[in-house]
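Have a look at coords.pdb below; it lists PDB, C-alpha atoms.
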```pdb
ATOM      1  CA  MET I  27    -244.828  65.638 -77.015
ATOM      2  CA  PHE I  28    -242.226  63.165 -78.280
ATOM      3  CA  LYS I  29    -243.347  59.770 -79.573
ATOM      4  CA  ILE I  30    -241.665  56.488 -78.682
ATOM      5  CA  ILE I  31    -241.007  54.831 -82.036
ATOM      6  CA  ARG I  32    -239.322  51.663 -80.822
ATOM      7  CA  LYS I  33    -238.827  49.930 -77.487
ATOM      8  CA  ARG I  34    -236.474  47.040 -76.811
ATOM      9  CA  THR I  35    -235.663  45.176 -73.604
ATOM     10  CA  LEU I  36    -231.902  44.669 -73.306
ATOM     11  CA  SER I  37    -231.864  42.990 -69.882
ATOM     12  CA  PRO I  38    -234.261  42.582 -66.946
ATOM     13  CA  THR I  39    -233.537  46.155 -65.820
ATOM     14  CA  VAL I  40    -232.233  47.900 -68.951
ATOM     15  CA  THR I  41    -234.437  49.277 -71.736
ATOM     16  CA  GLN I  42    -233.665  50.875 -75.096
ATOM     17  CA  MET I  43    -236.015  53.367 -76.749
ATOM     18  CA  GLU I  44    -235.947  55.361 -79.951
ATOM     19  CA  ILE I  45    -237.653  58.727 -79.573
ATOM     20  CA  GLU I  46    -238.948  60.878 -82.415
ATOM     21  CA  ALA I  47    -236.972  64.121 -81.991
ATOM     22  CA  PRO I  48    -235.749  65.389 -85.413
ATOM     23  CA  LEU I  49    -233.991  68.536 -84.179
ATOM     24  CA  VAL I  50    -231.989  66.628 -81.573
ATOM     25  CA  ALA I  51    -231.203  63.828 -84.026
ATOM     26  CA  ALA I  52    -229.785  66.317 -86.521
ATOM     27  CA  LYS I  53    -227.240  67.764 -84.089
ATOM     28  CA  ALA I  54    -226.392  65.229 -81.389
ATOM     29  CA  LYS I  55    -222.885  63.753 -81.241
ATOM     30  CA  PRO I  56    -221.363  60.895 -79.210
ATOM     31  CA  GLY I  57    -220.729  61.886 -75.608
ATOM     32  CA  GLN I  58    -223.643  64.313 -75.406
ATOM     33  CA  PHE I  59    -226.885  63.857 -73.497
ATOM     34  CA  ILE I  60    -230.533  64.923 -73.418
ATOM     35  CA  ILE I  61    -232.911  65.878 -70.618
ATOM     36  CA  LEU I  62    -236.409  64.425 -70.574
ATOM     37  CA  ARG I  63    -239.587  64.563 -68.551
ATOM     38  CA  VAL I  64    -241.981  61.649 -68.743
ATOM     39  CA  ASP I  65    -245.047  63.783 -67.956
ATOM     40  CA  GLU I  66    -246.031  67.307 -66.912
ATOM     41  CA  GLU I  67    -245.428  66.641 -63.237
ATOM     42  CA  GLY I  68    -242.269  64.595 -63.751
ATOM     43  CA  GLU I  69    -238.726  65.446 -62.753
ATOM     44  CA  ARG I  70    -236.029  66.221 -65.296
ATOM     45  CA  ILE I  71    -233.463  63.476 -65.800
ATOM     46  CA  PRO I  72    -230.379  63.419 -68.043
ATOM     47  CA  LEU I  73    -229.772  60.419 -70.311
ATOM     48  CA  THR I  74    -226.897  59.930 -72.718
ATOM     49  CA  VAL I  75    -227.563  59.892 -76.443
ATOM     50  CA  ALA I  76    -226.994  56.233 -77.337
ATOM     51  CA  GLY I  77    -227.327  56.795 -81.080
ATOM     52  CA  THR I  78    -229.163  58.847 -83.688
ATOM     53  CA  ASN I  79    -230.876  58.335 -87.019
ATOM     54  CA  PRO I  80    -231.066  61.796 -88.631
ATOM     55  CA  LYS I  81    -232.958  60.431 -91.651
ATOM     56  CA  GLU I  82    -235.724  59.023 -89.449
ATOM     57  CA  GLY I  83    -235.392  61.885 -86.985
ATOM     58  CA  THR I  84    -234.976  59.547 -84.014
ATOM     59  CA  VAL I  85    -232.710  59.502 -80.980
ATOM     60  CA  LYS I  86    -231.813  56.325 -79.123
ATOM     61  CA  ILE I  87    -231.677  56.273 -75.325
ATOM     62  CA  ILE I  88    -230.809  53.401 -73.003
ATOM     63  CA  PHE I  89    -231.672  53.511 -69.322
ATOM     64  CA  GLN I  90    -231.672  51.330 -66.237
ATOM     65  CA  THR I  91    -234.766  51.217 -64.048
ATOM     66  CA  VAL I  92    -233.443  52.430 -60.691
ATOM     67  CA  GLY I  93    -235.782  55.197 -59.483
ATOM     68  CA  GLY I  94    -239.320  56.516 -59.830
ATOM     69  CA  THR I  95    -238.802  58.371 -63.102
ATOM     70  CA  THR I  96    -237.050  55.544 -64.917
ATOM     71  CA  ALA I  97    -239.784  53.197 -63.675
ATOM     72  CA  LYS I  98    -242.416  55.497 -65.200
ATOM     73  CA  LEU I  99    -240.452  55.703 -68.440
ATOM     74  CA  GLN I 100    -240.080  51.929 -68.612
ATOM     75  CA  GLN I 101    -243.856  51.557 -68.385
ATOM     76  CA  LYS I 102    -244.283  53.546 -71.612
ATOM     77  CA  ASN I 103    -244.696  51.568 -74.841
ATOM     78  CA  GLU I 104    -244.259  52.093 -78.577
ATOM     79  CA  GLY I 105    -246.688  54.734 -79.770
ATOM     80  CA  ASP I 106    -246.828  56.469 -76.386
ATOM     81  CA  SER I 107    -245.294  59.909 -75.925
ATOM     82  CA  ILE I 108    -243.188  61.646 -73.305
ATOM     83  CA  GLU I 109    -243.578  65.274 -72.318
ATOM     84  CA  ASP I 110    -240.122  66.813 -72.910
ATOM     85  CA  PHE I 111    -236.964  65.757 -74.737
ATOM     86  CA  VAL I 112    -234.318  68.505 -74.825
ATOM     87  CA  GLY I 113    -230.807  68.499 -76.266
ATOM     88  CA  PRO I 114    -228.171  67.866 -77.284
ATOM     89  CA  LEU I 115    -226.358  69.027 -74.155
ATOM     90  CA  GLY I 116    -222.805  68.621 -72.882
ATOM     91  CA  ARG I 117    -219.545  68.446 -74.778
ATOM     92  CA  ALA I 118    -219.040  65.832 -77.471
ATOM     93  CA  THR I 119    -216.259  63.244 -77.165
ATOM     94  CA  HIS I 120    -212.853  64.480 -78.290
ATOM     95  CA  THR I 121    -211.828  62.388 -81.302
ATOM     96  CA  GLU I 122    -209.253  64.502 -83.137
ATOM     97  CA  GLY I 123    -205.861  62.826 -83.511
ATOM     98  CA  ILE I 124    -206.960  59.567 -81.854
ATOM     99  CA  ARG I 125    -205.909  56.626 -84.018
ATOM    100  CA  LYS I 126    -205.849  53.844 -81.450
ATOM    101  CA  VAL I 127    -208.334  53.818 -78.586
ATOM    102  CA  CYS I 128    -209.378  51.470 -75.795
ATOM    103  CA  ILE I 129    -212.982  51.742 -74.647
ATOM    104  CA  VAL I 130    -213.598  50.333 -71.152
ATOM    105  CA  GLY I 131    -217.267  50.050 -70.217
ATOM    106  CA  GLY I 132    -219.092  48.572 -67.271
ATOM    107  CA  GLY I 133    -222.735  47.573 -66.867
ATOM    108  CA  VAL I 134    -225.262  50.033 -68.213
ATOM    109  CA  GLY I 135    -222.349  52.412 -68.827
ATOM    110  CA  CYS I 136    -221.768  50.348 -71.967
ATOM    111  CA  ALA I 137    -224.783  52.151 -73.420
ATOM    112  CA  ILE I 138    -222.733  55.346 -73.222
ATOM    113  CA  ALA I 139    -219.547  53.649 -74.388
ATOM    114  CA  LEU I 140    -221.093  52.146 -77.528
ATOM    115  CA  PRO I 141    -221.739  55.347 -79.524
ATOM    116  CA  VAL I 142    -218.235  56.511 -78.638
ATOM    117  CA  ALA I 143    -216.760  53.240 -79.932
ATOM    118  CA  GLU I 144    -218.922  53.471 -83.059
ATOM    119  CA  GLU I 145    -217.735  57.014 -83.756
ATOM    120  CA  PHE I 146    -214.052  56.109 -83.446
ATOM    121  CA  HIS I 147    -214.676  53.106 -85.723
ATOM    122  CA  ARG I 148    -216.410  55.360 -88.263
ATOM    123  CA  LEU I 149    -213.410  57.696 -88.220
ATOM    124  CA  GLY I 150    -211.026  54.813 -88.955
ATOM    125  CA  ALA I 151    -209.413  54.429 -85.528
ATOM    126  CA  GLU I 152    -208.365  51.032 -84.193
ATOM    127  CA  VAL I 153    -210.866  50.226 -81.457
ATOM    128  CA  THR I 154    -210.322  47.836 -78.561
ATOM    129  CA  SER I 155    -213.403  47.399 -76.369
ATOM    130  CA  ILE I 156    -213.324  45.895 -72.889
ATOM    131  CA  VAL I 157    -216.803  45.520 -71.396
ATOM    132  CA  GLY I 158    -217.802  44.021 -68.085
ATOM    133  CA  PHE I 159    -221.061  42.912 -66.461
ATOM    134  CA  ARG I 160    -222.045  41.229 -63.203
ATOM    135  CA  SER I 161    -223.540  38.152 -64.893
ATOM    136  CA  ARG I 162    -224.701  36.723 -68.221
ATOM    137  CA  ASP I 163    -228.304  37.932 -67.887
ATOM    138  CA  LEU I 164    -227.085  41.538 -67.597
ATOM    139  CA  VAL I 165    -224.965  41.520 -70.773
ATOM    140  CA  ILE I 166    -226.132  44.157 -73.267
ATOM    141  CA  LEU I 167    -225.095  45.312 -76.761
ATOM    142  CA  GLU I 168    -222.617  42.507 -77.407
ATOM    143  CA  ASP I 169    -223.323  42.306 -81.148
ATOM    144  CA  GLU I 170    -223.133  46.077 -81.500
ATOM    145  CA  PHE I 171    -219.717  46.161 -79.828
ATOM    146  CA  LYS I 172    -218.479  43.330 -82.048
ATOM    147  CA  ALA I 173    -219.490  45.314 -85.129
ATOM    148  CA  CYS I 174    -217.465  48.402 -84.231
ATOM    149  CA  SER I 175    -214.469  46.874 -82.431
ATOM    150  CA  ASP I 176    -211.257  45.482 -83.873
ATOM    151  CA  ARG I 177    -210.962  43.537 -80.627
ATOM    152  CA  LEU I 178    -213.617  42.861 -78.000
ATOM    153  CA  VAL I 179    -213.049  41.442 -74.520
ATOM    154  CA  LEU I 180    -216.254  40.653 -72.623
ATOM    155  CA  LEU I 181    -216.157  39.738 -68.939
ATOM    156  CA  THR I 182    -218.594  38.798 -66.198
ATOM    157  CA  ASP I 183    -217.889  38.984 -62.479
ATOM    158  CA  ASP I 184    -219.203  35.477 -61.875
ATOM    159  CA  GLY I 185    -217.771  33.865 -65.008
ATOM    160  CA  SER I 186    -221.228  32.949 -66.337
ATOM    161  CA  TYR I 187    -220.345  34.394 -69.755
ATOM    162  CA  GLY I 188    -217.179  35.488 -71.480
ATOM    163  CA  ARG I 189    -214.075  35.809 -69.379
ATOM    164  CA  CYS I 190    -214.320  35.746 -65.590
ATOM    165  CA  GLY I 191    -213.074  38.853 -63.803
ATOM    166  CA  ASN I 192    -213.174  42.623 -63.939
ATOM    167  CA  VAL I 193    -212.205  45.000 -66.736
ATOM    168  CA  THR I 194    -208.905  46.105 -65.211
ATOM    169  CA  VAL I 195    -207.347  42.634 -65.597
ATOM    170  CA  PRO I 196    -207.222  42.469 -69.441
ATOM    171  CA  LEU I 197    -206.411  46.179 -69.582
ATOM    172  CA  LYS I 198    -203.375  45.671 -67.337
ATOM    173  CA  GLU I 199    -202.301  42.620 -69.366
ATOM    174  CA  MET I 200    -202.392  44.622 -72.586
ATOM    175  CA  LEU I 201    -200.402  47.491 -71.114
ATOM    176  CA  GLU I 202    -197.831  45.166 -69.521
ATOM    177  CA  ASN I 203    -197.409  43.425 -72.888
ATOM    178  CA  GLY I 204    -196.439  46.705 -74.499
ATOM    179  CA  GLU I 205    -199.795  47.756 -75.965
ATOM    180  CA  THR I 206    -200.067  51.489 -76.493
ATOM    181  CA  PHE I 207    -203.188  53.612 -76.908
ATOM    182  CA  ASP I 208    -203.656  57.230 -77.809
ATOM    183  CA  MET I 209    -206.466  57.274 -75.275
ATOM    184  CA  ILE I 210    -208.350  55.048 -72.871
ATOM    185  CA  MET I 211    -212.005  56.003 -72.485
ATOM    186  CA  THR I 212    -213.740  54.615 -69.403
ATOM    187  CA  ILE I 213    -217.494  54.739 -68.795
ATOM    188  CA  GLY I 214    -219.334  52.914 -66.016
ATOM    189  CA  PRO I 215    -219.634  52.760 -62.233
ATOM    190  CA  LEU I 216    -217.434  55.283 -60.437
ATOM    191  CA  ILE I 217    -215.482  52.601 -58.589
ATOM    192  CA  MET I 218    -214.692  50.893 -61.898
ATOM    193  CA  MET I 219    -213.516  54.134 -63.511
ATOM    194  CA  LYS I 220    -211.322  54.865 -60.503
ATOM    195  CA  PHE I 221    -209.486  51.555 -60.801
ATOM    196  CA  VAL I 222    -209.224  51.752 -64.603
ATOM    197  CA  THR I 223    -207.470  55.080 -64.038
ATOM    198  CA  LEU I 224    -205.157  53.645 -61.384
ATOM    199  CA  THR I 225    -204.333  50.700 -63.659
ATOM    200  CA  ALA I 226    -203.361  52.937 -66.568
ATOM    201  CA  LYS I 227    -201.458  55.563 -64.580
ATOM    202  CA  PRO I 228    -198.086  53.729 -64.305
ATOM    203  CA  PHE I 229    -198.034  53.399 -68.094
ATOM    204  CA  GLY I 230    -198.704  57.063 -68.791
ATOM    205  CA  VAL I 231    -201.636  56.454 -71.142
ATOM    206  CA  PRO I 232    -204.154  59.339 -71.287
ATOM    207  CA  VAL I 233    -207.465  58.358 -69.677
ATOM    208  CA  THR I 234    -210.796  60.105 -70.202
ATOM    209  CA  ALA I 235    -213.680  59.339 -67.848
ATOM    210  CA  SER I 236    -217.343  60.036 -68.544
ATOM    211  CA  MET I 237    -218.963  61.396 -65.392
ATOM    212  CA  ASN I 238    -222.546  60.863 -66.529
ATOM    213  CA  PRO I 239    -223.247  58.607 -63.497
ATOM    214  CA  ILE I 240    -223.240  61.575 -61.101
ATOM    215  CA  MET I 241    -225.508  63.895 -63.108
ATOM    216  CA  ILE I 242    -228.969  64.623 -61.712
ATOM    217  CA  ASP I 243    -230.899  67.440 -63.409
ATOM    218  CA  GLY I 244    -228.287  68.153 -66.093
ATOM    219  CA  THR I 245    -228.475  71.971 -65.984
ATOM    220  CA  GLY I 246    -225.702  72.913 -63.547
ATOM    221  CA  MET I 247    -228.230  74.325 -61.056
ATOM    222  CA  CYS I 248    -228.584  71.503 -58.523
ATOM    223  CA  GLY I 249    -224.872  71.066 -57.803
ATOM    224  CA  GLY I 250    -225.247  67.312 -57.525
ATOM    225  CA  CYS I 251    -222.684  66.660 -60.244
ATOM    226  CA  ARG I 252    -220.060  68.947 -58.753
ATOM    227  CA  LEU I 253    -216.548  67.591 -59.227
ATOM    228  CA  THR I 254    -213.253  68.430 -57.610
ATOM    229  CA  LEU I 255    -210.375  68.318 -60.074
ATOM    230  CA  ASN I 256    -206.697  68.546 -59.213
ATOM    231  CA  GLN I 257    -205.188  70.706 -61.945
ATOM    232  CA  ASN I 258    -201.496  71.532 -61.594
ATOM    233  CA  GLY I 259    -201.638  71.147 -57.828
ATOM    234  CA  GLU I 260    -204.749  73.315 -57.415
ATOM    235  CA  LYS I 261    -208.253  72.115 -56.606
ATOM    236  CA  VAL I 262    -210.781  73.288 -59.188
ATOM    237  CA  THR I 263    -214.552  72.834 -59.075
ATOM    238  CA  LYS I 264    -216.357  71.764 -62.256
ATOM    239  CA  PHE I 265    -219.806  70.430 -63.086
ATOM    240  CA  ALA I 266    -220.211  67.214 -65.065
ATOM    241  CA  CYS I 267    -223.251  68.448 -66.967
ATOM    242  CA  VAL I 268    -222.035  71.857 -68.199
ATOM    243  CA  ASP I 269    -218.244  71.378 -68.186
ATOM    244  CA  GLY I 270    -218.280  67.723 -69.263
ATOM    245  CA  PRO I 271    -219.437  65.070 -69.052
ATOM    246  CA  GLU I 272    -215.938  63.863 -70.026
ATOM    247  CA  PHE I 273    -212.817  64.791 -68.049
ATOM    248  CA  ASN I 274    -209.157  63.933 -67.686
ATOM    249  CA  ALA I 275    -209.509  60.968 -65.319
ATOM    250  CA  TYR I 276    -206.172  61.650 -63.585
ATOM    251  CA  GLU I 277    -207.536  64.952 -62.285
ATOM    252  CA  ILE I 278    -210.785  63.604 -60.796
ATOM    253  CA  ASP I 279    -211.287  63.109 -57.064
ATOM    254  CA  PHE I 280    -213.208  59.834 -57.471
ATOM    255  CA  ASP I 281    -213.591  59.239 -53.728
ATOM    256  CA  GLU I 282    -215.423  62.533 -53.273
ATOM    257  CA  ALA I 283    -217.618  61.834 -56.324
ATOM    258  CA  MET I 284    -218.551  58.388 -54.990
ATOM    259  CA  SER I 285    -219.427  59.814 -51.590
ATOM    260  CA  ARG I 286    -221.722  62.423 -53.143
ATOM    261  CA  ASN I 287    -223.313  59.883 -55.472
ATOM    262  CA  ARG I 288    -224.343  57.672 -52.547
ATOM    263  CA  MET I 289    -226.375  60.517 -51.041
ATOM    264  CA  TYR I 290    -229.279  59.896 -53.419
ATOM    265  CA  ALA I 291    -229.478  56.105 -53.215
ATOM    266  CA  ASP I 292    -232.210  55.979 -50.549
ATOM    267  CA  TYR I 293    -234.317  58.603 -52.322
ATOM    268  CA  GLU I 294    -234.120  56.715 -55.621
ATOM    269  CA  ARG I 295    -235.133  53.451 -53.948
ATOM    270  CA  HIS I 296    -238.130  55.033 -52.195
ATOM    271  CA  ALA I 297    -239.251  56.793 -55.402
ATOM    272  CA  TYR I 298    -238.984  53.532 -57.330
ATOM    273  CA  GLU I 299    -240.987  51.595 -54.739
ATOM    274  CA  LYS I 300    -243.670  54.305 -54.572
ATOM    275  CA  ASN I 301    -244.077  54.384 -58.341
ATOM    276  CA  CYS I 302    -244.254  50.590 -58.602
ATOM    277  CA  ASN I 303    -246.978  50.486 -55.926
ATOM    278  CA  LEU I 304    -248.985  53.159 -57.777
ATOM    279  CA  PHE I 305    -248.622  51.237 -61.030
ATOM    280  CA  ARG I 306    -249.895  48.049 -59.367
ATOM    281  CA  GLU I 307    -252.921  49.927 -57.978
ATOM    282  CA  GLU I 308    -253.739  51.370 -61.425
ATOM    283  CA  ARG I 309    -253.703  47.901 -62.978
ATOM    284  CA  LYS I 310    -256.123  46.395 -60.432
TER     285      LYS I 310
END
```

How would this structure read if it were set down as structure tokens?
Amino acid sequence: MFKIIRKRTLSPTVTQMEIEAPLVAAKAKPGQFIILRVDEEGERIPLTVAGTNPKEGTVKIIFQTVGGTTAKLQQKNEGDSIEDFVGPLGRATHTEGIRKVCIVGGGVGCAIALPVAEEFHRLGAEVTSIVGFRSRDLVILEDEFKACSDRLVLLTDDGSYGRCGNVTVPLKEMLENGETFDMIMTIGPLIMMKFVTLTAKPFGVPVTASMNPIMIDGTGMCGGCRLTLNQNGEKVTKFACVDGPEFNAYEIDFDEAMSRNRMYADYERHAYEKNCNLFREERK
């Protein structure tokens, strides 16, 4: 069993937890993920490592309540335990030779982007962070991004906080004004990552995309995170969990990935509603 040491609400639907897992904390690196089960009968779900404290032996995770399992996890409190917490898994973010990087995050994907930005900052790279949210009440981790970024641009779709618009607008402005980056890292909704990639392509800047959003069980067995990459004119099949989760964004067939990702939306909604109804019955 793995104890929940700290719990923090970041937004109405996003929660941060620190889990006591010394072995994972000692080895995990930015870009990697863990697999957890809330209880003995629970499903396995992959969540990105959002930070570690090797001295305390804790691992930070951030998740959005969207389905039955995340609803169960959100109902846990400090001092409670979860059944399984396995990792680190996946390949760590490539940082060698990167001196100037632009991190583009969207929504809860910013939870994945933050440890990457923090690692580049720790290594002495110049970090520009562009983060976008639907509205002010969904903004998360602003102070943390300020602390590790040389420049931070925060946007909301409705203009209720920060700059109004989407993340591709300031990115395009920077590139058109002659800004250069050794790498652009994009993490967030698939549609956002697709258009970040299209925005950067005319300028020839390398773009890495984190494909965490399409992972399901995180072991390579379910096939749900299967990706089609176009490598040198040939279509190649990879899996986000075992071959990634980060890939050359120019090679990714984003349209296919988005189509596959939509397949599970109804199931997640039904599982979430079922779990919420059970929780209400238990509290009566």

Tell me which residues the PyMOL selection byres ((chain I and resi 125) around 12) grabs here, as a list in words.
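After applying the PyMOL selection byres ((chain I and resi 125) around 12), what remains is His120, Thr121, Glu122, Gly123, Ile124, Lys126, Val127, Cys128, Glu145, Phe146, His147, Arg148, Leu149, Gly150, Ala151, Glu152, Val153, Thr154, Thr206, Phe207, Asp208, Met209 and Ile210 of chain I.
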
For a quick check of understanding, using all atoms listed in the file, which of I:Pro196, I:Gly185, I:Gly230, I:Pro271 has the smallest distance to Arg162 (chain I)?
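Among I:Pro196, I:Gly185, I:Gly230, I:Pro271, it is I:Gly185 that comes nearest to Arg162 (chain I).
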
So how many Å separate CA of Ile166 (chain I) and CA of Gly214 (chain I), to one decimal?
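Computing the Euclidean distance for CA of Ile166 (chain I) and CA of Gly214 (chain I) yields 13.2 Å.
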
Could you tell me which residues the PyMOL selection byres ((chain I and resi 156) around 9) returns for this structure, as a ChimeraX atom specification?
/I:128-132,154-155,157-158,177-181,193-194,196-197

Would you mind listing what lies within 9 Å of Met43 (chain I) as a list in words, with only C-alpha atoms counted and same-chain residues fewer than 5 positions away left out?
Ile30, Ile31, Arg32, Lys33, Arg34, Thr35, Val85, Lys86, Ile87, Ile88, Phe89 and Glu104 of chain I

So what does the PyMOL selection byres ((chain I and resi 46-52) around 6) actually pick up in this one, as a list in words?
Phe28, Lys29, Ile45, Lys53, Ala54, Thr78, Pro80, Gly83, Thr84, Val85, Gly113 and Pro114 of chain I

Tell me which of I:Ile61, I:Cys251, I:Met200, I:Val40 sits closest to Ala97 (chain I), counting only C-alpha atoms.
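Checking each of I:Ile61, I:Cys251, I:Met200, I:Val40 against Ala97 (chain I), counting only C-alpha atoms, the winner is I:Val40.
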
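Take the candidates I:Thr212, I:Leu167, I:Gln257, I:Asn238 and check each one against Pro72 (chain I) using all atoms listed in the file; the shortest distance goes to I:Asn238.
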
Excluding Asn256 (chain I) and any residue of its chain fewer than 4 positions from it, enumerate the residues within 8 Å of it, using all atoms listed in the file, and give them as a VMD selection string.
chain I and resid 260 to 262 277 to 279

4 Å per side around region 175-193 of chain I: axis-aligned box centre and edge lengths, as lines of an AutoDock Vina configuration file:
```
center_x = -216.1
center_y = 39.9
center_z = -72.9
size_x = 18.3
size_y = 21.9
size_z = 30.0
```

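What separates CA of Ala275 (chain I) from CA of Lys220 (chain I) is a distance of 8.0 Å.
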
Suppose you want the space between CA of Gly77 (chain I) and CA of Cys174 (chain I); what is it in Å?
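Distance between the two atoms: 13.3 Å.
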
Closest of I:Ile138, I:Leu115, I:Met219, I:Leu201 to Phe171 (chain I), counting all atoms listed in the file, is I:Ile138

Using only C-alpha atoms for the distances, tell me which of I:Leu255, I:Ala283, I:Leu62, I:Ile213 is nearest to Ala139 (chain I).
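Selected residue with least distance to Ala139 (chain I): I:Ile213.
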
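Remark: for Leu36 (chain I), the closest of the candidate residues I:Asp169, I:Tyr276, I:Pro228, I:Tyr187 is I:Asp169 (distances computed over all atoms listed in the file).
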
Polymer residues at most 10 Å from Glu170 (chain I), all atoms listed in the file, same-chain spacing of 2 or more positions, as a PDB file with C-alpha atoms, in the coordinates of the input:
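Result file follows (selection11.pdb):
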```
ATOM      1  CA  LEU I 140    -221.093  52.146 -77.528  1.00  0.00           C
ATOM      2  CA  PRO I 141    -221.739  55.347 -79.524  1.00  0.00           C
ATOM      3  CA  ALA I 143    -216.760  53.240 -79.932  1.00  0.00           C
ATOM      4  CA  GLU I 144    -218.922  53.471 -83.059  1.00  0.00           C
ATOM      5  CA  ILE I 166    -226.132  44.157 -73.267  1.00  0.00           C
ATOM      6  CA  LEU I 167    -225.095  45.312 -76.761  1.00  0.00           C
ATOM      7  CA  GLU I 168    -222.617  42.507 -77.407  1.00  0.00           C
ATOM      8  CA  LYS I 172    -218.479  43.330 -82.048  1.00  0.00           C
ATOM      9  CA  ALA I 173    -219.490  45.314 -85.129  1.00  0.00           C
ATOM     10  CA  CYS I 174    -217.465  48.402 -84.231  1.00  0.00           C
ATOM     11  CA  SER I 175    -214.469  46.874 -82.431  1.00  0.00           C
TER      12      SER I 175
END
```

Within 10 Å of Leu164 (chain I), counting only C-alpha atoms, which residues qualify if same-chain residues fewer than 3 places away don't, as a ChimeraX atom specification?
/I:36-40,133-134,158-161,182

Missing atoms in region 140-154 of chain I need filling: write out N, CA, C and O atoms for it as an mmCIF file, in the coordinates of the input.
```cif
data_model
loop_
_atom_site.group_PDB
_atom_site.id
_atom_site.type_symbol
_atom_site.label_atom_id
_atom_site.label_comp_id
_atom_site.auth_asym_id
_atom_site.auth_seq_id
_atom_site.Cartn_x
_atom_site.Cartn_y
_atom_site.Cartn_z
ATOM 1 N N LEU I 140 -220.881 52.628 -76.163
ATOM 2 C CA LEU I 140 -221.093 52.146 -77.528
ATOM 3 C C LEU I 140 -221.054 53.237 -78.590
ATOM 4 O O LEU I 140 -220.321 53.101 -79.572
ATOM 5 N N PRO I 141 -221.818 54.324 -78.471
ATOM 6 C CA PRO I 141 -221.739 55.347 -79.524
ATOM 7 C C PRO I 141 -220.367 55.972 -79.665
ATOM 8 O O PRO I 141 -219.978 56.398 -80.755
ATOM 9 N N VAL I 142 -219.607 56.010 -78.571
ATOM 10 C CA VAL I 142 -218.235 56.511 -78.638
ATOM 11 C C VAL I 142 -217.372 55.554 -79.453
ATOM 12 O O VAL I 142 -216.615 55.961 -80.344
ATOM 13 N N ALA I 143 -217.498 54.245 -79.161
ATOM 14 C CA ALA I 143 -216.760 53.240 -79.932
ATOM 15 C C ALA I 143 -217.149 53.272 -81.400
ATOM 16 O O ALA I 143 -216.296 53.166 -82.296
ATOM 17 N N GLU I 144 -218.439 53.423 -81.673
ATOM 18 C CA GLU I 144 -218.922 53.471 -83.059
ATOM 19 C C GLU I 144 -218.364 54.678 -83.796
ATOM 20 O O GLU I 144 -218.021 54.592 -84.984
ATOM 21 N N GLU I 145 -218.257 55.805 -83.118
ATOM 22 C CA GLU I 145 -217.735 57.014 -83.756
ATOM 23 C C GLU I 145 -216.253 56.870 -84.079
ATOM 24 O O GLU I 145 -215.810 57.242 -85.176
ATOM 25 N N PHE I 146 -215.474 56.329 -83.159
ATOM 26 C CA PHE I 146 -214.052 56.109 -83.446
ATOM 27 C C PHE I 146 -213.887 55.115 -84.601
ATOM 28 O O PHE I 146 -213.025 55.299 -85.465
ATOM 29 N N HIS I 147 -214.717 54.086 -84.622
ATOM 30 C CA HIS I 147 -214.676 53.106 -85.723
ATOM 31 C C HIS I 147 -215.003 53.785 -87.051
ATOM 32 O O HIS I 147 -214.331 53.552 -88.065
ATOM 33 N N ARG I 148 -216.014 54.642 -87.043
ATOM 34 C CA ARG I 148 -216.410 55.360 -88.263
ATOM 35 C C ARG I 148 -215.282 56.249 -88.777
ATOM 36 O O ARG I 148 -215.086 56.396 -89.991
ATOM 37 N N LEU I 149 -214.504 56.799 -87.851
ATOM 38 C CA LEU I 149 -213.410 57.696 -88.220
ATOM 39 C C LEU I 149 -212.142 56.942 -88.608
ATOM 40 O O LEU I 149 -211.145 57.555 -88.973
ATOM 41 N N GLY I 150 -212.160 55.618 -88.520
ATOM 42 C CA GLY I 150 -211.026 54.813 -88.955
ATOM 43 C C GLY I 150 -210.015 54.474 -87.880
ATOM 44 O O GLY I 150 -208.945 53.939 -88.182
ATOM 45 N N ALA I 151 -210.334 54.767 -86.622
ATOM 46 C CA ALA I 151 -209.413 54.429 -85.528
ATOM 47 C C ALA I 151 -209.467 52.936 -85.232
ATOM 48 O O ALA I 151 -210.463 52.260 -85.519
ATOM 49 N N GLU I 152 -208.394 52.419 -84.663
ATOM 50 C CA GLU I 152 -208.365 51.032 -84.193
ATOM 51 C C GLU I 152 -209.007 50.988 -82.814
ATOM 52 O O GLU I 152 -208.536 51.651 -81.885
ATOM 53 N N VAL I 153 -210.068 50.221 -82.684
ATOM 54 C CA VAL I 153 -210.866 50.226 -81.457
ATOM 55 C C VAL I 153 -210.742 48.898 -80.715
ATOM 56 O O VAL I 153 -211.041 47.836 -81.265
ATOM 57 N N THR I 154 -210.274 48.970 -79.473
ATOM 58 C CA THR I 154 -210.322 47.836 -78.561
ATOM 59 C C THR I 154 -211.391 48.125 -77.525
ATOM 60 O O THR I 154 -211.375 49.195 -76.899
#
```
